[in-house]
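Data from input-v5.cif: mmCIF, C-alpha atoms
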```
data_start
loop_
_atom_site.label_atom_id
_atom_site.label_comp_id
_atom_site.auth_asym_id
_atom_site.auth_seq_id
_atom_site.Cartn_x
_atom_site.Cartn_y
_atom_site.Cartn_z
CA MET A 1 36.95 140.15 -181.50
CA LEU A 2 38.56 143.32 -182.82
CA ASN A 3 40.68 143.69 -179.71
CA VAL A 4 41.79 140.07 -179.94
CA LEU A 5 42.67 140.46 -183.58
CA GLU A 6 44.55 143.70 -182.97
CA TYR A 7 46.48 142.01 -180.20
CA LEU A 8 47.28 138.96 -182.34
CA GLN A 9 48.37 141.14 -185.26
CA LYS A 10 50.55 143.23 -182.99
CA CYS A 11 52.27 140.11 -181.65
CA SER A 12 52.80 138.51 -185.07
CA VAL A 13 56.12 138.62 -186.83
CA ASP A 14 56.16 138.15 -190.60
CA GLY A 15 52.60 136.68 -190.47
CA LEU A 16 53.57 134.15 -187.81
CA LEU A 17 51.75 134.16 -184.48
CA PRO A 18 53.94 132.93 -181.63
CA TRP A 19 52.59 130.46 -179.09
CA SER A 20 53.22 132.90 -176.23
CA ALA A 21 50.76 135.37 -177.81
CA GLN A 22 48.14 132.66 -178.39
CA LEU A 23 48.44 131.64 -174.76
CA GLU A 24 48.27 135.24 -173.59
CA ALA A 25 45.08 135.81 -175.63
CA VAL A 26 43.51 132.66 -174.18
CA GLU A 27 44.32 133.59 -170.60
CA ARG A 28 43.58 137.32 -170.69
CA LEU A 29 40.39 137.19 -172.76
CA SER A 30 38.97 133.86 -171.51
CA LEU A 31 38.90 132.42 -175.02
CA SER A 32 39.48 128.81 -176.00
CA HIS A 33 42.65 127.86 -177.86
CA ALA A 34 40.43 126.83 -180.75
CA ALA A 35 38.75 130.26 -180.87
CA VAL A 36 42.11 132.06 -180.92
CA GLU A 37 43.43 129.75 -183.64
CA GLU A 38 40.37 130.35 -185.80
CA ILE A 39 40.53 134.15 -185.40
CA ALA A 40 44.21 134.05 -186.36
CA LEU A 41 43.73 131.82 -189.42
CA VAL A 42 40.67 133.72 -190.67
CA SER A 43 42.74 136.89 -190.47
CA GLY A 44 45.61 135.35 -192.43
CA LEU A 45 47.91 134.84 -189.43
CA LEU A 46 49.61 131.47 -189.16
CA PRO A 47 50.20 130.09 -185.67
CA ALA A 48 53.99 129.75 -185.55
CA ARG A 49 53.70 126.04 -184.68
CA TYR A 50 52.74 125.45 -188.35
CA GLN A 51 55.58 127.52 -189.85
CA ARG A 52 57.32 124.48 -191.35
CA ASN A 53 54.07 123.65 -193.19
CA ARG A 54 54.04 127.11 -194.68
CA ASN A 55 55.43 126.39 -198.13
CA MET A 56 53.26 123.32 -198.69
CA ILE A 57 50.06 124.27 -196.84
CA SER A 58 48.80 127.87 -197.22
CA VAL A 59 47.12 129.79 -194.38
CA ALA A 60 43.76 129.34 -196.16
CA GLU A 61 44.41 125.59 -196.34
CA GLN A 62 45.46 125.51 -192.69
CA LEU A 63 42.02 127.02 -191.96
CA GLN A 64 40.38 124.25 -194.04
CA LEU A 65 42.21 121.67 -191.93
CA PHE A 66 41.14 123.48 -188.76
CA ARG A 67 37.50 123.48 -189.87
CA SER A 68 37.43 119.76 -190.64
CA ARG A 69 36.24 116.99 -188.38
CA ILE A 70 37.95 113.62 -188.77
CA ALA A 71 36.72 110.38 -187.18
CA VAL A 72 39.42 107.88 -186.20
CA ILE A 73 37.82 104.50 -185.66
CA GLY A 74 40.14 102.48 -183.46
CA CYS A 75 42.81 103.99 -181.17
CA GLY A 76 45.35 101.17 -181.07
CA GLY A 77 48.36 100.63 -183.36
CA LEU A 78 47.20 102.63 -186.37
CA GLY A 79 44.86 104.95 -184.45
CA GLY A 80 47.49 106.25 -182.03
CA TYR A 81 49.82 107.43 -184.80
CA ILE A 82 46.90 108.73 -186.87
CA ILE A 83 45.57 110.88 -183.98
CA GLU A 84 49.05 112.20 -183.18
CA GLU A 85 49.63 113.23 -186.81
CA LEU A 86 46.15 114.76 -187.26
CA ALA A 87 46.66 116.85 -184.09
CA ARG A 88 50.07 118.09 -185.25
CA LEU A 89 48.64 118.80 -188.72
CA GLY A 90 46.06 121.09 -187.08
CA ILE A 91 42.81 119.21 -187.76
CA GLY A 92 40.17 121.13 -185.74
CA GLN A 93 38.11 118.21 -184.45
CA ILE A 94 38.99 114.56 -184.04
CA VAL A 95 36.36 112.01 -183.03
CA ALA A 96 38.27 109.10 -181.44
CA VAL A 97 36.36 105.83 -181.08
CA ASP A 98 37.61 102.77 -179.19
CA PRO A 99 36.12 100.60 -176.43
CA ASP A 100 39.41 99.30 -174.95
CA LYS A 101 41.85 100.01 -172.14
CA PHE A 102 45.64 99.85 -172.55
CA GLU A 103 47.22 96.53 -171.69
CA GLU A 104 50.84 95.42 -171.43
CA HIS A 105 50.85 93.75 -174.86
CA ASN A 106 50.07 97.15 -176.45
CA LEU A 107 53.40 98.66 -175.32
CA ASN A 108 55.39 97.33 -178.29
CA ARG A 109 53.61 99.59 -180.78
CA GLN A 110 50.65 101.68 -179.61
CA LEU A 111 51.81 105.30 -179.38
CA PHE A 112 49.66 106.38 -176.42
CA SER A 113 50.36 103.24 -174.39
CA THR A 114 52.82 103.98 -171.60
CA ILE A 115 53.44 102.32 -168.25
CA GLY A 116 51.40 105.09 -166.66
CA ASN A 117 48.48 104.57 -169.06
CA LEU A 118 48.09 100.83 -168.45
CA GLY A 119 44.49 100.19 -167.45
CA ARG A 120 43.31 103.55 -168.79
CA ALA A 121 40.82 103.96 -171.63
CA LYS A 122 42.63 104.44 -174.95
CA VAL A 123 40.39 107.37 -175.87
CA ALA A 124 41.14 109.10 -172.52
CA ALA A 125 44.89 108.73 -173.14
CA ALA A 126 44.39 110.11 -176.67
CA LEU A 127 42.59 113.16 -175.23
CA ASP A 128 45.45 113.88 -172.80
CA ARG A 129 48.05 113.53 -175.52
CA VAL A 130 46.26 115.83 -177.98
CA ASN A 131 45.75 118.48 -175.29
CA GLU A 132 49.45 118.29 -174.54
CA VAL A 133 50.56 118.50 -178.19
CA ASN A 134 48.03 120.96 -179.68
CA PRO A 135 45.34 122.42 -177.40
CA ALA A 136 43.61 124.15 -180.35
CA VAL A 137 42.51 120.68 -181.50
CA LYS A 138 39.30 119.35 -179.96
CA LEU A 139 39.37 115.59 -179.47
CA ILE A 140 36.00 114.01 -178.79
CA PRO A 141 36.62 110.69 -176.97
CA VAL A 142 33.96 108.03 -177.49
CA ARG A 143 34.56 104.85 -175.55
CA THR A 144 32.54 102.36 -177.54
CA PHE A 145 32.67 99.74 -180.31
CA PHE A 146 31.96 101.05 -183.79
CA ARG A 147 29.05 99.12 -185.30
CA ALA A 148 26.47 99.79 -188.00
CA ALA A 149 23.92 100.45 -185.23
CA ASN A 150 25.77 103.47 -183.75
CA GLY A 151 27.76 104.40 -186.87
CA ARG A 152 25.54 107.20 -188.14
CA GLU A 153 25.63 108.93 -184.77
CA LEU A 154 29.43 108.60 -184.47
CA LEU A 155 30.06 109.94 -187.97
CA GLN A 156 27.68 112.91 -187.74
CA GLY A 157 29.27 115.97 -189.36
CA VAL A 158 32.48 114.12 -190.18
CA THR A 159 34.61 115.21 -193.17
CA VAL A 160 36.60 111.96 -193.49
CA ALA A 161 36.50 108.67 -191.56
CA VAL A 162 39.80 106.86 -190.95
CA ASP A 163 39.73 103.11 -190.55
CA ALA A 164 42.10 102.01 -187.76
CA LEU A 165 40.01 98.99 -186.77
CA ASP A 166 41.32 95.51 -186.07
CA SER A 167 38.18 93.67 -187.15
CA ILE A 168 37.24 93.00 -190.76
CA ALA A 169 33.54 92.72 -189.86
CA CYS A 170 33.52 96.17 -188.16
CA ARG A 171 35.50 97.61 -191.06
CA LEU A 172 32.87 96.46 -193.54
CA GLU A 173 30.19 98.05 -191.33
CA LEU A 174 32.24 101.29 -191.33
CA ALA A 175 32.45 101.15 -195.13
CA GLU A 176 28.66 100.70 -195.39
CA THR A 177 27.99 103.54 -192.93
CA CYS A 178 30.35 105.87 -194.81
CA ALA A 179 28.67 104.94 -198.11
CA GLY A 180 25.23 105.70 -196.65
CA MET A 181 26.38 109.09 -195.34
CA ASP A 182 28.51 110.10 -198.38
CA ILE A 183 31.66 110.26 -196.24
CA PRO A 184 35.07 109.41 -197.74
CA MET A 185 36.94 106.67 -195.91
CA VAL A 186 40.67 106.03 -195.67
CA HIS A 187 41.18 102.32 -195.13
CA GLY A 188 44.30 100.85 -193.59
CA ALA A 189 45.13 97.38 -192.33
CA ILE A 190 48.28 95.78 -190.95
CA GLY A 191 49.72 92.42 -189.93
CA GLY A 192 53.36 91.72 -189.08
CA TRP A 193 55.70 93.17 -191.73
CA TYR A 194 52.76 93.82 -194.05
CA GLY A 195 50.00 96.33 -194.54
CA HIS A 196 47.87 98.12 -197.08
CA VAL A 197 46.11 101.43 -197.64
CA ALA A 198 43.24 102.53 -199.91
CA THR A 199 40.93 105.53 -200.11
CA GLN A 200 37.26 105.08 -200.83
CA LEU A 201 35.04 107.95 -201.98
CA PRO A 202 31.23 107.91 -201.80
CA GLY A 203 29.97 105.56 -204.53
CA ASP A 204 33.12 103.41 -204.50
CA THR A 205 33.13 99.88 -203.09
CA THR A 206 36.87 99.38 -202.76
CA VAL A 207 36.85 98.16 -199.15
CA GLN A 208 34.08 95.67 -199.89
CA SER A 209 36.12 94.46 -202.89
CA ILE A 210 39.31 94.16 -200.82
CA TYR A 211 37.51 91.77 -198.48
CA ARG A 212 35.40 90.03 -201.10
CA ASN A 213 36.97 86.66 -200.31
CA TRP A 214 36.55 87.12 -196.54
CA VAL A 215 34.05 84.94 -194.72
CA GLN A 216 35.01 85.24 -191.07
CA GLY A 217 37.93 85.63 -188.68
CA LYS A 218 41.16 87.60 -188.86
CA GLY A 219 44.00 87.82 -191.38
CA ILE A 220 47.74 87.22 -191.00
CA GLU A 221 47.80 89.55 -187.95
CA LYS A 222 46.21 86.75 -185.91
CA ASP A 223 49.49 84.80 -185.97
CA LEU A 224 52.01 87.57 -186.63
CA GLY A 225 50.76 90.33 -184.32
CA ASN A 226 52.19 93.76 -185.15
CA PRO A 227 55.61 95.33 -184.50
CA ALA A 228 56.47 98.99 -183.69
CA PHE A 229 57.05 100.17 -187.25
CA THR A 230 54.27 98.77 -189.44
CA PRO A 231 51.47 100.82 -187.83
CA ALA A 232 53.61 103.98 -188.07
CA VAL A 233 54.19 103.45 -191.82
CA VAL A 234 50.56 102.71 -192.69
CA ALA A 235 49.19 105.45 -190.37
CA GLY A 236 51.46 108.02 -192.05
CA LEU A 237 50.13 107.06 -195.48
CA GLN A 238 46.55 107.26 -194.21
CA VAL A 239 47.04 110.76 -192.76
CA ALA A 240 48.57 111.96 -196.05
CA GLU A 241 45.35 110.77 -197.75
CA VAL A 242 43.20 112.59 -195.15
CA CYS A 243 45.16 115.81 -195.69
CA LYS A 244 44.68 115.53 -199.49
CA LEU A 245 40.97 114.77 -199.11
CA VAL A 246 40.42 117.83 -196.90
CA LEU A 247 42.43 120.12 -199.18
CA GLY A 248 41.28 118.60 -202.47
CA ARG A 249 44.87 118.20 -203.63
CA GLY A 250 47.06 115.56 -205.24
CA GLU A 251 46.21 112.06 -206.44
CA LEU A 252 44.35 109.88 -203.99
CA LEU A 253 44.85 106.13 -203.56
CA ARG A 254 41.47 105.74 -205.16
CA ARG A 255 40.37 102.53 -206.91
CA ARG A 256 43.76 101.10 -206.03
CA LYS A 257 45.28 99.58 -202.96
CA LEU A 258 48.89 100.12 -201.97
CA SER A 259 50.16 96.86 -200.56
CA ILE A 260 53.29 97.18 -198.42
CA ASP A 261 55.86 94.51 -197.57
CA LEU A 262 58.45 95.85 -195.13
CA LEU A 263 60.35 92.54 -194.95
CA ASP A 264 61.26 92.41 -198.65
CA MET A 265 60.78 96.22 -198.89
CA GLU A 266 58.31 96.02 -201.77
CA MET A 267 55.23 98.06 -202.56
CA HIS A 268 52.59 96.85 -204.98
CA GLU A 269 49.63 98.68 -206.38
CA ILE A 270 46.55 96.54 -206.85
CA PRO A 271 43.75 97.99 -209.00
CA TYR A 272 40.14 98.07 -207.81
CA HIS A 273 38.05 99.40 -210.64
CA ALA A 274 34.92 101.50 -210.27
CA SER A 275 31.56 99.84 -209.95
CA ALA A 276 29.47 102.98 -209.47
CA GLU A 277 29.20 106.54 -210.71
CA VAL A 278 32.07 108.90 -210.12
CA ILE A 279 31.54 111.37 -207.27
CA HIS A 280 34.34 113.82 -206.62
CA PHE A 281 34.81 114.74 -203.01
CA PRO A 282 35.59 117.37 -201.94
CA THR A 283 37.48 118.48 -205.04
CA ARG A 284 34.37 119.46 -206.97
CA GLU A 285 33.12 121.90 -204.33
CA ILE A 286 36.56 123.43 -203.92
CA GLU A 287 36.98 123.82 -207.67
CA GLN A 288 33.58 125.53 -207.88
CA GLU A 289 34.59 127.89 -205.08
CA ARG A 290 37.86 128.67 -206.83
CA ALA A 291 36.06 129.23 -210.14
CA ALA A 292 33.58 131.54 -208.39
CA GLY A 293 36.49 133.64 -207.26
CA MET B 1 50.55 74.83 -220.36
CA GLN B 2 53.08 77.03 -218.51
CA VAL B 3 51.80 79.46 -215.88
CA THR B 4 53.70 81.86 -213.64
CA VAL B 5 52.77 81.84 -209.96
CA LYS B 6 53.70 84.84 -207.80
CA LEU B 7 53.33 84.78 -204.03
CA PHE B 8 53.32 87.77 -201.67
CA ALA B 9 53.91 88.51 -197.98
CA THR B 10 53.62 85.47 -195.69
CA PHE B 11 52.76 83.13 -198.59
CA ARG B 12 56.44 83.30 -199.53
CA ASN B 13 57.54 81.70 -196.25
CA GLY B 14 58.89 78.22 -197.03
CA ARG B 15 57.66 78.54 -200.63
CA PHE B 16 58.88 81.01 -203.28
CA LYS B 17 58.41 84.54 -204.63
CA VAL B 18 57.84 83.49 -208.21
CA THR B 19 57.89 80.20 -210.06
CA SER B 20 56.78 78.64 -213.31
CA GLN B 21 54.43 75.64 -213.21
CA GLU B 22 53.60 73.12 -215.93
CA LEU B 23 49.87 72.31 -215.63
CA THR B 24 46.94 70.94 -217.59
CA GLU B 25 45.17 73.61 -219.69
CA GLY B 26 42.27 75.15 -217.72
CA THR B 27 43.57 74.25 -214.24
CA ALA B 28 41.66 76.38 -211.68
CA CYS B 29 43.36 78.90 -209.40
CA ARG B 30 41.99 76.91 -206.44
CA THR B 31 43.88 73.79 -207.53
CA ILE B 32 47.15 75.70 -207.52
CA MET B 33 46.28 77.27 -204.15
CA LEU B 34 45.59 73.83 -202.63
CA GLY B 35 48.79 72.47 -204.17
CA LEU B 36 50.67 75.17 -202.22
CA GLU B 37 48.95 74.03 -199.00
CA LEU B 38 47.06 77.32 -198.71
CA THR B 39 43.45 77.55 -197.59
CA GLU B 40 40.69 79.72 -198.96
CA GLU B 41 40.36 81.50 -195.56
CA GLN B 42 43.98 82.74 -195.88
CA ILE B 43 43.46 84.34 -199.29
CA GLY B 44 43.11 88.11 -199.57
CA VAL B 45 43.64 88.84 -203.26
CA VAL B 46 43.68 86.62 -206.35
CA LEU B 47 44.97 88.26 -209.52
CA VAL B 48 45.22 86.65 -212.93
CA ASN B 49 47.31 88.78 -215.30
CA GLY B 50 46.82 91.72 -212.92
CA ARG B 51 43.01 91.47 -212.81
CA HIS B 52 40.92 90.21 -209.92
CA ALA B 53 39.79 86.63 -210.37
CA ALA B 54 37.66 84.06 -208.59
CA LEU B 55 39.41 80.94 -207.30
CA ASP B 56 37.27 78.92 -209.74
CA GLN B 57 38.77 80.68 -212.73
CA GLY B 58 40.66 78.41 -215.12
CA LEU B 59 44.12 79.37 -216.33
CA HIS B 60 45.57 79.35 -219.82
CA GLU B 61 49.00 79.18 -221.38
CA GLY B 62 51.18 82.11 -220.32
CA ASP B 63 48.88 83.36 -217.51
CA THR B 64 50.31 84.83 -214.31
CA LEU B 65 48.56 84.05 -211.02
CA ALA B 66 49.30 86.26 -208.00
CA LEU B 67 48.17 85.40 -204.46
CA PHE B 68 48.18 87.81 -201.50
CA PRO B 69 47.18 86.86 -197.94
CA LEU B 70 44.32 88.46 -196.00
CA VAL B 71 45.45 91.40 -193.83
CA GLY B 72 43.03 92.93 -191.33
CA GLY B 73 44.82 94.22 -188.21
CA GLY B 74 44.97 97.73 -186.87
#
```
Before anything else, please render the file you have as structure tokens.
Amino acid sequence: MLNVLEYLQKCSVDGLLPWSAQLEAVERLSLSHAAVEEIALVSGLLPARYQRNRNMISVAEQLQLFRSRIAVIGCGGLGGYIIEELARLGIGQIVAVDPDKFEEHNLNRQLFSTIGNLGRAKVAAALDRVNEVNPAVKLIPVRTFFRAANGRELLQGVTVAVDALDSIACRLELAETCAGMDIPMVHGAIGGWYGHVATQLPGDTTVQSIYRNWVQGKGIEKDLGNPAFTPAVVAGLQVAEVCKLVLGRGELLRRRKLSIDLLDMEMHEIPYHASAEVIHFPTREIEQERAAG
Amino acid sequence: MQVTVKLFATFRNGRFKVTSQELTEGTACRTIMLGLELTEEQIGVVLVNGRHAALDQGLHEGDTLALFPLVGGG
């Protein structure tokens, strides 16, 4: 460990660790990319790939991101962009859940769908992409449907769950599972030119309230499908919420839903008031740590 | 009574963004919805004066009803 650290410090310029040195450490010392990244961050060195984050995300915060585990439920339109952004952000572990293979009708919008990936499992394509973009990130591919029955197992040890599902029934099961495990959930849904985002903390019932009028079937997406840009917009907003949840910063989209209309270019905030006690996550723990010194 | 009806997203197609309707006092949200040829299955959010409401809720002079469609894709 000391030798690795000495090597990394020697190679760093102005606190930035170049990729070539990370790679050298991995190859010479038979360490994983994740192990090298953690040693660097713990020692206050920032992998140079994150240098443009530097003035908004501190090295200590970059370590918090690295030590978090985010579940992305659904690897289609929303999920592809979400996984890409989480990997570039430097989230340490991503659990990617989806039962499907890529098909031709995914090519208009799903980031990991390419001609070459047609017929391949979406989670396998996600794994390849993340390894290509940021090998320090561990993606755990799980090729299955998310349901209440396997939910607890899939969300074990997860910091935040991100809803990228295309089924309202499964989404409600995800919300219930998150509630039962005290896991915050970032909800997103899209259809055509339209979409919405909301963040639900343990004790909230925002997602259940959003679908309180739902009985069965799909929403406007059934007829409209989804274009290239709507998933990118909503996924970006969801990842911003994940980043804030992990770091305990900013104002979350809590007890409110941001409704987005890209055709008339309007955004509306719809209130969803609390129905249960207030539980701060993870802000309270972080504040206590800060207070303790 | 006069009520303001606001429609969002796909509900605007072939209809309007906002309009004023002259109705009998206490007319239910559902009656207005049906008058717009919308079905209950299509409804995502019903707001009366910015607060969530049931479709059975009756409206009063000066109320604003807002209807958003159900969105559930990913």
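Neighbouring residues of Gln238 in chain A at 9 Å or closer, counting only C-alpha atoms and skipping chain neighbours under 3 positions away, are Ile82, Val162, Asp163, Val186, His187, Gly188, Val197, Ala198, Thr199, Val233, Val234, Ala235, Glu241, Val242 and Cys243 of chain A.
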Give me, as number ranges by chain, the contact residues of chain B against chain A at a cut-off of 6 Å, counting only C-alpha atoms.
-> B: 70-74
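For the set A:Ala35, A:Ile57, A:Ala148, A:Ala48, the residue with the smallest atom-to-atom gap to Arg249 in chain A is A:Ile57, counting all atoms listed in the file.
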The PyMOL selection byres ((chain A and resi 183) around 7) applied to the shown file, residues as a short mmCIF file (atom, residue, chain, number, x, y, z; two decimals) with C-alpha atoms, in the coordinates of the input:
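The result, stored in expr-v6.cif:
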```cif
data_model
loop_
_atom_site.label_atom_id
_atom_site.label_comp_id
_atom_site.auth_asym_id
_atom_site.auth_seq_id
_atom_site.Cartn_x
_atom_site.Cartn_y
_atom_site.Cartn_z
CA THR A 159 34.61 115.21 -193.17
CA VAL A 160 36.60 111.96 -193.49
CA ALA A 161 36.50 108.67 -191.56
CA CYS A 178 30.35 105.87 -194.81
CA ALA A 179 28.67 104.94 -198.11
CA MET A 181 26.38 109.09 -195.34
CA ASP A 182 28.51 110.10 -198.38
CA PRO A 184 35.07 109.41 -197.74
CA MET A 185 36.94 106.67 -195.91
CA PRO A 202 31.23 107.91 -201.80
#
```
Name the residues that the PyMOL selection byres ((chain B and resi 15-19) around 10) pulls out of this structure, and write them as a list in words.
-> Val3, Thr4, Val5, Lys6, Leu7, Phe8, Ala9, Thr10, Phe11, Arg12, Asn13, Gly14, Ser20, Gln21, Leu36, Glu37, Thr64, Leu65 and Ala66 of chain B
Keeping only C-alpha atoms, write those residues as a JSON list (two decimals), keeping the file's coordinate frame.
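Final output, saved to result_29.json:
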```json
[["chain", "number", "residue", "atom", "x", "y", "z"],
["B", 3, "VAL", "CA", 51.80, 79.46, -215.88],
["B", 4, "THR", "CA", 53.70, 81.86, -213.64],
["B", 5, "VAL", "CA", 52.77, 81.84, -209.96],
["B", 6, "LYS", "CA", 53.70, 84.84, -207.80],
["B", 7, "LEU", "CA", 53.33, 84.78, -204.03],
["B", 8, "PHE", "CA", 53.32, 87.77, -201.67],
["B", 9, "ALA", "CA", 53.91, 88.51, -197.98],
["B", 10, "THR", "CA", 53.62, 85.47, -195.69],
["B", 11, "PHE", "CA", 52.76, 83.13, -198.59],
["B", 12, "ARG", "CA", 56.44, 83.30, -199.53],
["B", 13, "ASN", "CA", 57.54, 81.70, -196.25],
["B", 14, "GLY", "CA", 58.89, 78.22, -197.03],
["B", 20, "SER", "CA", 56.78, 78.64, -213.31],
["B", 21, "GLN", "CA", 54.43, 75.64, -213.21],
["B", 36, "LEU", "CA", 50.67, 75.17, -202.22],
["B", 37, "GLU", "CA", 48.95, 74.03, -199.00],
["B", 64, "THR", "CA", 50.31, 84.83, -214.31],
["B", 65, "LEU", "CA", 48.56, 84.05, -211.02],
["B", 66, "ALA", "CA", 49.30, 86.26, -208.00]]
```
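Once the PyMOL selection byres ((chain B and resi 69) around 6) is applied to the depicted file, the selected set reads Gln42, Ile43, Gly44, Phe68 and Leu70 of chain B.
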Using the selection just defined, write its residues with C-alpha atoms as a PDB file, in the coordinates of the input.
```pdb
ATOM      1  CA  GLN B  42      43.980  82.740-195.880  1.00  0.00           C
ATOM      2  CA  ILE B  43      43.460  84.340-199.290  1.00  0.00           C
ATOM      3  CA  GLY B  44      43.110  88.110-199.570  1.00  0.00           C
ATOM      4  CA  PHE B  68      48.180  87.810-201.500  1.00  0.00           C
ATOM      5  CA  LEU B  70      44.320  88.460-196.000  1.00  0.00           C
TER       6      LEU B  70
END
```
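The nearest approach to Asp204 in chain A among the residues A:Asp223, A:Asp98, A:Glu6, A:Glu176, with all atoms listed in the file taken into account, belongs to A:Glu176.
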